[in-house]
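**Q** See start_26.pdb below, with PDB, C-alpha atoms, pLDDT in the B column.
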ATOM      1  CA  MET A   1       0.000   0.000   0.000  1.00 42.00           C
ATOM      2  CA  LYS A   2       2.836   2.381   0.826  1.00 45.00           C
ATOM      3  CA  GLU A   3       4.465   1.686  -2.535  1.00 47.00           C
ATOM      4  CA  LEU A   4       1.192   2.367  -4.301  1.00 47.00           C
ATOM      5  CA  SER A   5       0.777   5.627  -2.384  1.00 55.00           C
ATOM      6  CA  VAL A   6       4.259   6.758  -3.347  1.00 54.00           C
ATOM      7  CA  LYS A   7       3.588   5.940  -6.994  1.00 56.00           C
ATOM      8  CA  SER A   8       0.293   7.769  -6.869  1.00 58.00           C
ATOM      9  CA  LEU A   9       1.969  10.791  -5.292  1.00 54.00           C
ATOM     10  CA  LEU A  10       4.699  10.814  -7.927  1.00 55.00           C
ATOM     11  CA  SER A  11       2.117  10.529 -10.705  1.00 58.00           C
ATOM     12  CA  ALA A  12       0.146  13.413  -9.248  1.00 53.00           C
ATOM     13  CA  LEU A  13       3.282  15.562  -8.995  1.00 54.00           C
ATOM     14  CA  MET A  14       4.261  14.775 -12.565  1.00 57.00           C
ATOM     15  CA  LEU A  15       0.754  15.631 -13.776  1.00 53.00           C
ATOM     16  CA  LEU A  16       0.839  18.890 -11.837  1.00 51.00           C
ATOM     17  CA  ALA A  17       4.239  19.776 -13.268  1.00 49.00           C
ATOM     18  CA  SER A  18       2.986  19.014 -16.764  1.00 45.00           C
ATOM     19  CA  PHE A  19      -0.071  21.200 -16.222  1.00 45.00           C
ATOM     20  CA  ASN A  20       2.074  24.064 -14.970  1.00 44.00           C
ATOM     21  CA  VAL A  21       4.253  23.877 -18.090  1.00 41.00           C
ATOM     22  CA  LEU A  22       1.211  23.946 -20.345  1.00 43.00           C
ATOM     23  CA  ALA A  23      -0.389  26.756 -18.387  1.00 55.00           C
ATOM     24  CA  ALA A  24       2.744  28.913 -18.219  1.00 86.00           C
ATOM     25  CA  ASP A  25       2.515  32.376 -19.711  1.00 94.00           C
ATOM     26  CA  PRO A  26       4.324  32.989 -23.017  1.00 96.00           C
ATOM     27  CA  GLN A  27       7.883  34.144 -22.444  1.00 96.00           C
ATOM     28  CA  LEU A  28       9.596  37.240 -23.839  1.00 97.00           C
ATOM     29  CA  GLY A  29      12.604  36.203 -25.905  1.00 97.00           C
ATOM     30  CA  LYS A  30      11.116  32.792 -26.614  1.00 96.00           C
ATOM     31  CA  ASP A  31       7.446  32.876 -27.629  1.00 98.00           C
ATOM     32  CA  PHE A  32       7.495  36.548 -28.576  1.00 98.00           C
ATOM     33  CA  ASP A  33       9.861  39.488 -28.639  1.00 98.00           C
ATOM     34  CA  LYS A  34       9.899  43.250 -28.844  1.00 98.00           C
ATOM     35  CA  THR A  35       9.989  44.711 -32.341  1.00 98.00           C
ATOM     36  CA  LEU A  36      13.300  46.215 -33.394  1.00 98.00           C
ATOM     37  CA  GLN A  37      11.543  49.575 -33.642  1.00 98.00           C
ATOM     38  CA  VAL A  38       8.145  50.734 -32.447  1.00 97.00           C
ATOM     39  CA  ILE A  39       5.893  50.711 -35.506  1.00 98.00           C
ATOM     40  CA  PRO A  40       3.218  53.452 -35.662  1.00 96.00           C
ATOM     41  CA  THR A  41      -0.292  51.991 -35.879  1.00 96.00           C
ATOM     42  CA  ASP A  42      -3.169  53.201 -38.031  1.00 94.00           C
ATOM     43  CA  THR A  43      -5.644  53.055 -35.134  1.00 92.00           C
ATOM     44  CA  PRO A  44      -4.008  54.368 -31.919  1.00 91.00           C
ATOM     45  CA  ASN A  45      -7.297  54.131 -30.002  1.00 94.00           C
ATOM     46  CA  LYS A  46      -7.399  50.366 -30.579  1.00 97.00           C
ATOM     47  CA  ILE A  47      -5.007  47.428 -30.267  1.00 98.00           C
ATOM     48  CA  GLU A  48      -3.709  46.677 -33.739  1.00 98.00           C
ATOM     49  CA  VAL A  49      -2.677  43.189 -34.868  1.00 98.00           C
ATOM     50  CA  THR A  50      -0.758  43.004 -38.141  1.00 98.00           C
ATOM     51  CA  GLU A  51      -0.031  39.802 -40.005  1.00 98.00           C
ATOM     52  CA  ILE A  52       3.104  39.882 -42.154  1.00 98.00           C
ATOM     53  CA  PHE A  53       2.702  37.220 -44.840  1.00 98.00           C
ATOM     54  CA  TRP A  54       3.530  36.123 -48.375  1.00 98.00           C
ATOM     55  CA  TYR A  55       1.210  34.337 -50.785  1.00 98.00           C
ATOM     56  CA  GLY A  56       4.107  32.101 -51.788  1.00 98.00           C
ATOM     57  CA  CYS A  57       4.553  30.799 -48.233  1.00 98.00           C
ATOM     58  CA  ILE A  58       2.994  27.388 -47.534  1.00 97.00           C
ATOM     59  CA  HIS A  59       2.987  28.127 -43.790  1.00 97.00           C
ATOM     60  CA  CYS A  60       0.993  31.318 -44.404  1.00 98.00           C
ATOM     61  CA  TYR A  61      -1.385  29.276 -46.551  1.00 98.00           C
ATOM     62  CA  HIS A  62      -2.001  26.830 -43.720  1.00 98.00           C
ATOM     63  CA  MET A  63      -2.341  29.677 -41.231  1.00 98.00           C
ATOM     64  CA  ASP A  64      -4.916  31.598 -43.267  1.00 98.00           C
ATOM     65  CA  PRO A  65      -8.121  29.635 -42.420  1.00 98.00           C
ATOM     66  CA  ILE A  66      -7.142  29.428 -38.745  1.00 98.00           C
ATOM     67  CA  LEU A  67      -6.396  33.143 -38.741  1.00 98.00           C
ATOM     68  CA  ASN A  68      -9.670  34.037 -40.462  1.00 97.00           C
ATOM     69  CA  ALA A  69     -11.650  32.191 -37.787  1.00 98.00           C
ATOM     70  CA  TRP A  70      -9.646  33.960 -35.055  1.00 98.00           C
ATOM     71  CA  VAL A  71     -10.204  37.396 -36.599  1.00 98.00           C
ATOM     72  CA  LYS A  72     -13.981  36.885 -36.629  1.00 97.00           C
ATOM     73  CA  LYS A  73     -13.924  36.539 -32.837  1.00 97.00           C
ATOM     74  CA  LEU A  74     -11.764  39.568 -32.042  1.00 98.00           C
ATOM     75  CA  PRO A  75     -13.257  42.004 -29.503  1.00 97.00           C
ATOM     76  CA  ALA A  76     -14.270  45.527 -30.504  1.00 97.00           C
ATOM     77  CA  ASP A  77     -11.087  47.127 -29.165  1.00 97.00           C
ATOM     78  CA  VAL A  78      -8.844  45.066 -31.482  1.00 98.00           C
ATOM     79  CA  VAL A  79      -8.322  45.771 -35.182  1.00 98.00           C
ATOM     80  CA  PHE A  80      -6.631  43.407 -37.647  1.00 98.00           C
ATOM     81  CA  LYS A  81      -4.776  44.121 -40.861  1.00 98.00           C
ATOM     82  CA  ARG A  82      -2.398  42.388 -43.251  1.00 98.00           C
ATOM     83  CA  VAL A  83       0.882  43.677 -44.630  1.00 98.00           C
ATOM     84  CA  PRO A  84       2.662  41.724 -47.375  1.00 98.00           C
ATOM     85  CA  GLY A  85       6.132  40.628 -46.387  1.00 98.00           C
ATOM     86  CA  LEU A  86       8.821  42.218 -48.529  1.00 97.00           C
ATOM     87  CA  PRO A  87      12.314  41.183 -47.382  1.00 97.00           C
ATOM     88  CA  GLN A  88      13.516  40.691 -50.960  1.00 97.00           C
ATOM     89  CA  PRO A  89      12.567  41.830 -54.501  1.00 97.00           C
ATOM     90  CA  ALA A  90      11.311  38.369 -55.492  1.00 98.00           C
ATOM     91  CA  TRP A  91       8.371  38.806 -53.125  1.00 98.00           C
ATOM     92  CA  ALA A  92       7.259  42.082 -54.755  1.00 98.00           C
ATOM     93  CA  PRO A  93       4.813  40.580 -57.329  1.00 98.00           C
ATOM     94  CA  MET A  94       2.628  39.136 -54.567  1.00 98.00           C
ATOM     95  CA  ALA A  95       2.842  42.358 -52.568  1.00 98.00           C
ATOM     96  CA  LYS A  96       1.653  44.216 -55.655  1.00 98.00           C
ATOM     97  CA  ALA A  97      -1.129  41.681 -56.110  1.00 98.00           C
ATOM     98  CA  PHE A  98      -2.271  42.261 -52.531  1.00 98.00           C
ATOM     99  CA  TYR A  99      -2.441  46.035 -52.926  1.00 98.00           C
ATOM    100  CA  ALA A 100      -3.973  45.807 -56.421  1.00 98.00           C
ATOM    101  CA  MET A 101      -6.761  43.625 -55.026  1.00 98.00           C
ATOM    102  CA  GLU A 102      -7.365  46.230 -52.327  1.00 98.00           C
ATOM    103  CA  ASP A 103      -7.623  49.033 -54.887  1.00 97.00           C
ATOM    104  CA  LEU A 104      -9.933  47.012 -57.139  1.00 98.00           C
ATOM    105  CA  LYS A 105     -12.141  45.880 -54.219  1.00 98.00           C
ATOM    106  CA  LEU A 106     -11.267  42.246 -54.940  1.00 98.00           C
ATOM    107  CA  SER A 107      -9.689  41.234 -51.633  1.00 98.00           C
ATOM    108  CA  ASP A 108     -12.729  39.393 -50.260  1.00 97.00           C
ATOM    109  CA  LYS A 109     -13.209  37.550 -53.540  1.00 97.00           C
ATOM    110  CA  LEU A 110      -9.636  36.682 -54.474  1.00 98.00           C
ATOM    111  CA  HIS A 111      -7.477  36.586 -51.312  1.00 98.00           C
ATOM    112  CA  SER A 112      -8.051  32.880 -50.584  1.00 98.00           C
ATOM    113  CA  ALA A 113      -8.164  32.045 -54.303  1.00 98.00           C
ATOM    114  CA  LEU A 114      -4.688  33.518 -54.774  1.00 98.00           C
ATOM    115  CA  PHE A 115      -3.364  31.426 -51.902  1.00 98.00           C
ATOM    116  CA  ASP A 116      -4.925  28.342 -53.539  1.00 98.00           C
ATOM    117  CA  ALA A 117      -3.518  29.130 -56.983  1.00 98.00           C
ATOM    118  CA  VAL A 118       0.019  29.346 -55.620  1.00 98.00           C
ATOM    119  CA  ASN A 119       0.034  26.644 -52.940  1.00 98.00           C
ATOM    120  CA  LYS A 120      -2.728  24.147 -53.719  1.00 98.00           C
ATOM    121  CA  GLU A 121      -3.243  24.225 -57.467  1.00 98.00           C
ATOM    122  CA  LYS A 122       0.366  25.321 -58.115  1.00 98.00           C
ATOM    123  CA  THR A 123      -0.733  27.123 -61.279  1.00 98.00           C
ATOM    124  CA  LEU A 124       0.855  30.476 -60.432  1.00 98.00           C
ATOM    125  CA  ASN A 125       4.495  31.362 -59.825  1.00 98.00           C
ATOM    126  CA  PRO A 126       4.434  33.890 -56.963  1.00 98.00           C
ATOM    127  CA  THR A 127       7.527  35.662 -58.303  1.00 98.00           C
ATOM    128  CA  ASP A 128       6.051  36.279 -61.791  1.00 98.00           C
ATOM    129  CA  GLU A 129       4.297  39.659 -61.961  1.00 98.00           C
ATOM    130  CA  ALA A 130       2.980  39.208 -65.503  1.00 98.00           C
ATOM    131  CA  ALA A 131       1.435  35.868 -64.531  1.00 98.00           C
ATOM    132  CA  ALA A 132      -0.159  37.475 -61.475  1.00 98.00           C
ATOM    133  CA  ILE A 133      -1.721  40.189 -63.674  1.00 98.00           C
ATOM    134  CA  ASP A 134      -3.065  37.556 -66.080  1.00 98.00           C
ATOM    135  CA  TRP A 135      -4.452  35.498 -63.202  1.00 98.00           C
ATOM    136  CA  MET A 136      -6.213  38.469 -61.608  1.00 98.00           C
ATOM    137  CA  THR A 137      -7.636  39.554 -64.962  1.00 98.00           C
ATOM    138  CA  LYS A 138      -9.096  36.103 -65.564  1.00 98.00           C
ATOM    139  CA  LYS A 139     -10.476  35.683 -62.039  1.00 98.00           C
ATOM    140  CA  SER A 140     -11.939  39.176 -61.752  1.00 98.00           C
ATOM    141  CA  GLY A 141     -13.415  39.530 -65.232  1.00 98.00           C
ATOM    142  CA  LEU A 142     -11.969  43.049 -65.449  1.00 98.00           C
ATOM    143  CA  ASP A 143     -10.150  44.501 -68.428  1.00 98.00           C
ATOM    144  CA  LYS A 144      -6.474  43.659 -68.314  1.00 98.00           C
ATOM    145  CA  SER A 145      -5.584  47.330 -68.669  1.00 98.00           C
ATOM    146  CA  LYS A 146      -7.438  48.103 -65.444  1.00 98.00           C
ATOM    147  CA  VAL A 147      -5.565  45.367 -63.553  1.00 98.00           C
ATOM    148  CA  GLU A 148      -2.228  46.500 -64.999  1.00 98.00           C
ATOM    149  CA  THR A 149      -2.971  50.077 -63.935  1.00 98.00           C
ATOM    150  CA  ALA A 150      -3.595  48.880 -60.371  1.00 98.00           C
ATOM    151  CA  PHE A 151      -0.285  46.984 -60.344  1.00 98.00           C
ATOM    152  CA  LYS A 152       1.623  49.984 -61.679  1.00 96.00           C
ATOM    153  CA  SER A 153      -0.234  52.787 -59.903  1.00 94.00           C
ATOM    154  CA  PHE A 154       1.603  55.911 -58.742  1.00 92.00           C
ATOM    155  CA  SER A 155       1.129  54.945 -55.086  1.00 95.00           C
ATOM    156  CA  MET A 156       2.373  51.352 -55.473  1.00 98.00           C
ATOM    157  CA  ASN A 157       6.068  52.126 -54.886  1.00 96.00           C
ATOM    158  CA  ASN A 158       5.227  53.994 -51.676  1.00 97.00           C
ATOM    159  CA  ARG A 159       3.202  51.056 -50.426  1.00 98.00           C
ATOM    160  CA  LEU A 160       5.969  48.601 -51.246  1.00 98.00           C
ATOM    161  CA  ASN A 161       8.477  50.783 -49.416  1.00 97.00           C
ATOM    162  CA  GLN A 162       6.172  50.932 -46.396  1.00 97.00           C
ATOM    163  CA  ALA A 163       5.768  47.139 -46.431  1.00 98.00           C
ATOM    164  CA  ALA A 164       9.545  46.680 -46.610  1.00 98.00           C
ATOM    165  CA  ASN A 165       9.997  49.141 -43.737  1.00 98.00           C
ATOM    166  CA  VAL A 166       7.460  47.287 -41.588  1.00 98.00           C
ATOM    167  CA  PHE A 167       9.282  44.007 -42.209  1.00 98.00           C
ATOM    168  CA  ARG A 168      12.634  45.518 -41.204  1.00 98.00           C
ATOM    169  CA  ALA A 169      11.305  47.436 -38.199  1.00 98.00           C
ATOM    170  CA  SER A 170       9.443  44.402 -36.871  1.00 98.00           C
ATOM    171  CA  GLY A 171      12.557  42.263 -36.734  1.00 98.00           C
ATOM    172  CA  ALA A 172      10.719  39.455 -38.521  1.00 97.00           C
ATOM    173  CA  THR A 173      12.910  36.616 -39.731  1.00 95.00           C
ATOM    174  CA  GLY A 174      10.155  34.857 -41.649  1.00 95.00           C
ATOM    175  CA  VAL A 175       6.430  34.591 -42.266  1.00 97.00           C
ATOM    176  CA  PRO A 176       3.770  34.354 -41.029  1.00 98.00           C
ATOM    177  CA  SER A 177       4.635  36.808 -38.271  1.00 98.00           C
ATOM    178  CA  PHE A 178       2.349  38.945 -36.146  1.00 98.00           C
ATOM    179  CA  VAL A 179       3.058  42.437 -34.865  1.00 98.00           C
ATOM    180  CA  ILE A 180       0.963  43.326 -31.829  1.00 98.00           C
ATOM    181  CA  ASP A 181       0.229  47.039 -31.429  1.00 98.00           C
ATOM    182  CA  GLY A 182       3.508  47.966 -33.104  1.00 98.00           C
ATOM    183  CA  GLN A 183       5.470  46.812 -30.045  1.00 98.00           C
ATOM    184  CA  PHE A 184       5.748  43.027 -30.002  1.00 98.00           C
ATOM    185  CA  ILE A 185       6.248  40.282 -32.552  1.00 98.00           C
ATOM    186  CA  THR A 186       5.435  36.587 -32.512  1.00 98.00           C
ATOM    187  CA  SER A 187       5.315  33.910 -35.170  1.00 98.00           C
ATOM    188  CA  SER A 188       4.455  30.281 -35.738  1.00 95.00           C
ATOM    189  CA  THR A 189       8.141  29.434 -35.415  1.00 96.00           C
ATOM    190  CA  MET A 190       8.626  31.346 -32.154  1.00 97.00           C
ATOM    191  CA  ALA A 191       5.417  30.103 -30.544  1.00 97.00           C
ATOM    192  CA  GLY A 192       5.674  26.532 -31.776  1.00 95.00           C
ATOM    193  CA  GLY A 193       2.751  26.408 -34.208  1.00 95.00           C
ATOM    194  CA  ASN A 194      -0.015  28.371 -35.897  1.00 96.00           C
ATOM    195  CA  GLU A 195      -2.608  28.087 -33.135  1.00 96.00           C
ATOM    196  CA  GLN A 196       0.052  28.724 -30.498  1.00 97.00           C
ATOM    197  CA  ALA A 197       1.049  31.963 -32.245  1.00 98.00           C
ATOM    198  CA  LEU A 198      -2.525  33.212 -32.009  1.00 98.00           C
ATOM    199  CA  LYS A 199      -2.656  32.262 -28.332  1.00 97.00           C
ATOM    200  CA  VAL A 200       0.470  34.346 -27.782  1.00 98.00           C
ATOM    201  CA  ALA A 201      -1.243  37.184 -29.635  1.00 98.00           C
ATOM    202  CA  ASP A 202      -4.248  36.818 -27.305  1.00 98.00           C
ATOM    203  CA  TYR A 203      -1.920  36.995 -24.304  1.00 98.00           C
ATOM    204  CA  LEU A 204      -0.229  40.153 -25.596  1.00 98.00           C
ATOM    205  CA  ILE A 205      -3.564  41.773 -26.438  1.00 98.00           C
ATOM    206  CA  ALA A 206      -4.816  41.145 -22.905  1.00 97.00           C
ATOM    207  CA  ASN A 207      -1.674  42.624 -21.359  1.00 97.00           C
ATOM    208  CA  ILE A 208      -1.682  45.688 -23.614  1.00 97.00           C
ATOM    209  CA  ARG A 209      -5.354  46.227 -22.821  1.00 97.00           C
ATOM    210  CA  ALA A 210      -4.593  46.077 -19.093  1.00 95.00           C
ATOM    211  CA  ASP A 211      -1.682  48.513 -19.471  1.00 94.00           C
ATOM    212  CA  LYS A 212      -3.854  50.968 -21.398  1.00 90.00           C
ATOM    213  CA  ALA A 213      -6.559  50.758 -18.731  1.00 91.00           C
ATOM    214  CA  LYS A 214      -3.989  51.595 -16.025  1.00 89.00           C
ATOM    215  CA  ALA A 215      -2.599  54.491 -18.035  1.00 84.00           C
ATOM    216  CA  ALA A 216      -6.021  55.971 -18.856  1.00 77.00           C
ATOM    217  CA  PRO A 217      -6.720  57.612 -15.450  1.00 71.00           C
ATOM    218  CA  ALA A 218      -3.287  59.246 -15.489  1.00 59.00           C
ATOM    219  CA  LYS A 219      -4.113  61.037 -18.746  1.00 55.00           C
ATOM    220  CA  LYS A 220      -7.260  62.635 -17.337  1.00 51.00           C
TER     221      LYS A 220
END
Before we go any further, please render this structure as structure tokens.
**A**
Amino acid sequence: MKELSVKSLLSALMLLASFNVLAADPQLGKDFDKTLQVIPTDTPNKIEVTEIFWYGCIHCYHMDPILNAWVKKLPADVVFKRVPGLPQPAWAPMAKAFYAMEDLKLSDKLHSALFDAVNKEKTLNPTDEAAAIDWMTKKSGLDKSKVETAFKSFSMNNRLNQAANVFRASGATGVPSFVIDGQFITSSTMAGGNEQALKVADYLIANIRADKAKAAPAKK
């Protein structure tokens, strides 16, 4: 009986230790980090979550449906946006495609379809701008000249520069990465998986919300 009791006690302790590991808060320097530079947000009165991604990234492709479900459940004080990753020129065609879809009001219709074309159907080379223009023309039903104009608009270079600056300032080493309120960064690699990255984002959102609530009375 004593031996059984000792075994039971050891099992209970091991279970408790396992639970504590699972329940531990995400750690700075491991599960998330500070951005290299503070990145100004578009909505200072809310907590901004920015996904840095690339349509040519299979990990971003797998993240997208999980992320979409997460975004639908975000509270009113959190706003979400995407920024195309641009650490190298080869990624520019997909960044242009992202912004062209925004300008042409095609994002809702073609965002997931573009991911599928590159990663599932493998019918589109993500580094080929001409192919991306042809694909968007076919999928949208618009005149090719209108799509080309969106890809080569006057504002496109500024947007690409901004995307490249966000990538550098965030300290991202890959995609998908998430910048939380311009201050912190996490990723699937850092957190240990896609769902884990979103749990880290939830943790950071909660802490930033608490910090803002503490700071609010001081501003009055």
**Q** Compile a residue-level contact table for region 129-198 of chain A against region 30-41 of chain A at a cut-off of 8 Å, reporting for every qualifying residue the shortest atom pair and its distance in Å to one decimal, with only C-alpha atoms counted, rows ordered by chain and ascending number, as CSV.
**A**
residue,atom,partner,partner_atom,distance
A:Val166,CA,A:Ile39,CA,7.2
A:Arg168,CA,A:Leu36,CA,7.9
A:Ala169,CA,A:Gln37,CA,5.0
A:Ser170,CA,A:Thr35,CA,4.6
A:Gly171,CA,A:Leu36,CA,5.2
A:Val179,CA,A:Thr35,CA,7.7
A:Asp181,CA,A:Thr41,CA,6.7
A:Gly182,CA,A:Ile39,CA,4.4
A:Gln183,CA,A:Val38,CA,5.3
A:Phe184,CA,A:Lys34,CA,4.3
A:Ile185,CA,A:Asp33,CA,5.4
A:Thr186,CA,A:Phe32,CA,4.4
A:Ser187,CA,A:Phe32,CA,7.4
A:Met190,CA,A:Asp31,CA,4.9
A:Ala191,CA,A:Asp31,CA,4.5
A:Gly192,CA,A:Asp31,CA,7.8
A:Ala197,CA,A:Asp31,CA,7.9
**Q** Taking a cut-off of 10 Å and counting only C-alpha atoms, can you build a table that, for each residue of region 147-204 of chain A near region 88-105 of chain A, reports the nearest atom pair and how far apart they are in Å (one decimal), sorted by chain then residue number, as JSON lines?
**A**
{"residue": "A:Val147", "atom": "CA", "partner": "A:Ala100", "partner_atom": "CA", "distance": 7.3}
{"residue": "A:Glu148", "atom": "CA", "partner": "A:Ala100", "partner_atom": "CA", "distance": 8.8}
{"residue": "A:Thr149", "atom": "CA", "partner": "A:Ala100", "partner_atom": "CA", "distance": 8.7}
{"residue": "A:Ala150", "atom": "CA", "partner": "A:Ala100", "partner_atom": "CA", "distance": 5.0}
{"residue": "A:Phe151", "atom": "CA", "partner": "A:Ala100", "partner_atom": "CA", "distance": 5.5}
{"residue": "A:Lys152", "atom": "CA", "partner": "A:Lys96", "partner_atom": "CA", "distance": 8.3}
{"residue": "A:Ser153", "atom": "CA", "partner": "A:Ala100", "partner_atom": "CA", "distance": 8.7}
{"residue": "A:Ser155", "atom": "CA", "partner": "A:Tyr99", "partner_atom": "CA", "distance": 9.8}
{"residue": "A:Met156", "atom": "CA", "partner": "A:Lys96", "partner_atom": "CA", "distance": 7.2}
{"residue": "A:Asn157", "atom": "CA", "partner": "A:Lys96", "partner_atom": "CA", "distance": 9.1}
{"residue": "A:Arg159", "atom": "CA", "partner": "A:Tyr99", "partner_atom": "CA", "distance": 8.0}
{"residue": "A:Leu160", "atom": "CA", "partner": "A:Ala95", "partner_atom": "CA", "distance": 7.1}
{"residue": "A:Ala163", "atom": "CA", "partner": "A:Ala95", "partner_atom": "CA", "distance": 8.3}
{"residue": "A:Ala164", "atom": "CA", "partner": "A:Gln88", "partner_atom": "CA", "distance": 8.4}
**Q** Excluding region 110-120 of chain A and any residue of its chain fewer than 3 positions from it, enumerate the residues within 7 Å of it, using only C-alpha atoms, and give them as an MDAnalysis selection string.
**A** chainID A and resid 55:56 58 61 106:107 123:126
**Q** Please write the residues from the selection above to a file, keeping C-alpha atoms, as a PDB file, in the coordinates of the input.
**A**
ATOM      1  CA  TYR A  55       1.210  34.337 -50.785  1.00 98.00           C
ATOM      2  CA  GLY A  56       4.107  32.101 -51.788  1.00 98.00           C
ATOM      3  CA  ILE A  58       2.994  27.388 -47.534  1.00 97.00           C
ATOM      4  CA  TYR A  61      -1.385  29.276 -46.551  1.00 98.00           C
ATOM      5  CA  LEU A 106     -11.267  42.246 -54.940  1.00 98.00           C
ATOM      6  CA  SER A 107      -9.689  41.234 -51.633  1.00 98.00           C
ATOM      7  CA  THR A 123      -0.733  27.123 -61.279  1.00 98.00           C
ATOM      8  CA  LEU A 124       0.855  30.476 -60.432  1.00 98.00           C
ATOM      9  CA  ASN A 125       4.495  31.362 -59.825  1.00 98.00           C
ATOM     10  CA  PRO A 126       4.434  33.890 -56.963  1.00 98.00           C
TER      11      PRO A 126
END
**Q** I need the residue nearest Asn207 (chain A) from this list: A:Met136, A:Ile180, A:Ala24, A:Leu74. Use only C-alpha atoms for the distance.
**A** A:Ile180
**Q** How many Å separate CA of Asp25 (chain A) from CA of Tyr203 (chain A)?
**A** 7.9 Å
**Q** Given all atoms listed in the file as the basis, pick out the residue of A:His59, A:Leu67, A:Ser140, A:Pro87 nearest to Thr173 (chain A).
**A**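 Result for the nearest residue to Thr173 (chain A): A:Pro87.
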**Q** One decimal, Å: what's the distance from CA of Cys60 (chain A) over to CA of Phe178 (chain A), could you say?
**A** 11.3 Å
**Q** Please indicate the distance in Å from CA of Glu51 (chain A) to CA of Phe80 (chain A), rounded to one decimal place.
**A** 7.9 Å
**Q** Kindly indicate which residue among A:Cys57, A:Glu195, A:Val78, A:Asp42 lies nearest to Arg209 (chain A), using all atoms listed in the file for the distances.
**A**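 Comparing A:Cys57, A:Glu195, A:Val78, A:Asp42 against Arg209 (chain A), the winner is A:Val78.
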